>>> print(open('data_10.pdb').read())   # PDB, C-alpha atoms, pLDDT in the B column
ATOM      1  CA  MET A   1     -72.179 -34.267  -5.434  1.00 64.00           C
ATOM      2  CA  PHE A   2     -74.568 -31.276  -5.247  1.00 67.00           C
ATOM      3  CA  GLY A   3     -72.654 -28.975  -2.906  1.00 73.00           C
ATOM      4  CA  LEU A   4     -74.104 -26.125  -0.889  1.00 76.00           C
ATOM      5  CA  GLN A   5     -76.019 -23.116  -2.165  1.00 67.00           C
ATOM      6  CA  SER A   6     -73.357 -20.774  -0.867  1.00 65.00           C
ATOM      7  CA  GLN A   7     -70.955 -22.402  -3.318  1.00 60.00           C
ATOM      8  CA  CYS A   8     -73.238 -23.285  -6.227  1.00 63.00           C
ATOM      9  CA  PRO A   9     -76.769 -22.157  -7.119  1.00 71.00           C
ATOM     10  CA  PHE A  10     -78.301 -25.642  -7.311  1.00 74.00           C
ATOM     11  CA  GLY A  11     -76.814 -27.034  -4.084  1.00 75.00           C
ATOM     12  CA  PHE A  12     -78.453 -27.757  -0.757  1.00 80.00           C
ATOM     13  CA  SER A  13     -79.537 -24.897   1.480  1.00 83.00           C
ATOM     14  CA  LEU A  14     -77.045 -24.802   4.363  1.00 86.00           C
ATOM     15  CA  GLU A  15     -79.718 -23.746   6.852  1.00 87.00           C
ATOM     16  CA  CYS A  16     -82.096 -26.581   5.908  1.00 87.00           C
ATOM     17  CA  LEU A  17     -79.336 -29.162   5.755  1.00 90.00           C
ATOM     18  CA  MET A  18     -77.952 -28.218   9.168  1.00 91.00           C
ATOM     19  CA  ALA A  19     -81.440 -28.139  10.711  1.00 92.00           C
ATOM     20  CA  PHE A  20     -81.928 -31.720   9.501  1.00 93.00           C
ATOM     21  CA  ILE A  21     -78.488 -32.798  10.745  1.00 93.00           C
ATOM     22  CA  ILE A  22     -78.924 -31.141  14.158  1.00 92.00           C
ATOM     23  CA  HIS A  23     -82.290 -32.886  14.532  1.00 93.00           C
ATOM     24  CA  SER A  24     -80.583 -36.192  13.658  1.00 94.00           C
ATOM     25  CA  PHE A  25     -78.125 -35.802  16.551  1.00 91.00           C
ATOM     26  CA  GLY A  26     -81.062 -36.493  18.883  1.00 90.00           C
ATOM     27  CA  SER A  27     -82.045 -39.753  17.201  1.00 93.00           C
ATOM     28  CA  PRO A  28     -82.181 -42.854  19.414  1.00 95.00           C
ATOM     29  CA  ASN A  29     -80.570 -44.761  16.522  1.00 96.00           C
ATOM     30  CA  GLY A  30     -76.776 -44.756  16.787  1.00 93.00           C
ATOM     31  CA  GLU A  31     -76.335 -45.203  13.038  1.00 96.00           C
ATOM     32  CA  VAL A  32     -78.368 -42.061  12.380  1.00 96.00           C
ATOM     33  CA  ARG A  33     -76.281 -40.088  14.897  1.00 92.00           C
ATOM     34  CA  ASN A  34     -73.048 -41.376  13.314  1.00 93.00           C
ATOM     35  CA  ALA A  35     -74.271 -40.399   9.850  1.00 96.00           C
ATOM     36  CA  ALA A  36     -75.130 -36.938  11.191  1.00 94.00           C
ATOM     37  CA  VAL A  37     -71.600 -36.558  12.567  1.00 92.00           C
ATOM     38  CA  LYS A  38     -70.077 -37.655   9.244  1.00 94.00           C
ATOM     39  CA  ALA A  39     -72.304 -35.243   7.322  1.00 93.00           C
ATOM     40  CA  THR A  40     -71.313 -32.414   9.677  1.00 92.00           C
ATOM     41  CA  VAL A  41     -67.628 -33.161   9.120  1.00 91.00           C
ATOM     42  CA  GLU A  42     -68.120 -32.978   5.357  1.00 90.00           C
ATOM     43  CA  VAL A  43     -70.032 -29.702   5.604  1.00 89.00           C
ATOM     44  CA  TYR A  44     -67.293 -28.329   7.888  1.00 89.00           C
ATOM     45  CA  ARG A  45     -64.685 -29.242   5.259  1.00 89.00           C
ATOM     46  CA  LEU A  46     -66.611 -27.123   2.764  1.00 85.00           C
ATOM     47  CA  MET A  47     -67.581 -24.222   5.027  1.00 85.00           C
ATOM     48  CA  GLY A  48     -65.005 -24.138   7.816  1.00 87.00           C
ATOM     49  CA  PRO A  49     -65.476 -22.063  11.003  1.00 87.00           C
ATOM     50  CA  PRO A  50     -68.679 -20.281   9.844  1.00 85.00           C
ATOM     51  CA  LEU A  51     -70.440 -23.609  10.453  1.00 87.00           C
ATOM     52  CA  GLU A  52     -69.907 -23.185  14.218  1.00 87.00           C
ATOM     53  CA  LYS A  53     -72.992 -20.952  14.497  1.00 89.00           C
ATOM     54  CA  PHE A  54     -75.156 -23.997  13.754  1.00 87.00           C
ATOM     55  CA  LEU A  55     -73.447 -26.136  16.397  1.00 86.00           C
ATOM     56  CA  LYS A  56     -73.962 -23.900  19.443  1.00 86.00           C
ATOM     57  CA  GLY A  57     -76.817 -25.963  20.936  1.00 81.00           C
ATOM     58  CA  VAL A  58     -75.276 -29.371  20.241  1.00 82.00           C
ATOM     59  CA  LYS A  59     -74.293 -31.559  23.182  1.00 78.00           C
ATOM     60  CA  PRO A  60     -70.592 -31.126  24.084  1.00 81.00           C
ATOM     61  CA  ALA A  61     -69.811 -34.811  23.453  1.00 77.00           C
ATOM     62  CA  ILE A  62     -71.156 -34.598  19.892  1.00 76.00           C
ATOM     63  CA  HIS A  63     -69.508 -31.230  19.305  1.00 73.00           C
ATOM     64  CA  GLU A  64     -66.092 -32.659  20.239  1.00 75.00           C
ATOM     65  CA  VAL A  65     -66.360 -35.313  17.537  1.00 70.00           C
TER      66      VAL A  65
END
>>> encode(input="data_10.pdb", output="structure tokens")
Amino acid sequence: MFGLQSQCPFGFSLECLMAFIIHSFGSPNGEVRNAAVKATVEVYRLMGPPLEKFLKGVKPAIHEV
């Protein structure tokens, strides 16, 4: 709905959004982790391979998804 700042001036900051998502991967709540994975997939659809730099420290099992 709002997009990312790299694509539109009023969108979400990619750095802030990914920091929030990466933090959510460590949640003990499975629903939160699943939502983080879904959000990452959507951001990847918009950004493509440049998103990989944010995923370097993510657990391999989560990164595979």
>>> resolve_selection(input="data_10.pdb", expression="the PyMOL selection byres ((chain A and resi 17) around 12)", output="JSON, numbers by chain")
{"A": [3, 4, 5, 11, 12, 13, 14, 15, 16, 18, 19, 20, 21, 22, 23, 24, 36, 39, 40, 42, 43, 51, 54]}
>>> atom_distance(input="data_10.pdb", atom1="CA of Phe25 in chain A", atom2="CA of His63 in chain A")
10.1 Å
>>> closest_residue(input="data_10.pdb", among="A:Val65, A:Gly26, A:Gly57, A:Pro9", to="Lys38 in chain A", atoms="only C-alpha atoms")
A:Val65
>>> atom_distance(input="data_10.pdb", atom1="CA of Ala35 in chain A", atom2="CA of Lys59 in chain A")
16.0 Å
>>> atom_distance(input="data_10.pdb", atom1="CA of Phe10 in chain A", atom2="CA of Ser27 in chain A")
28.5 Å
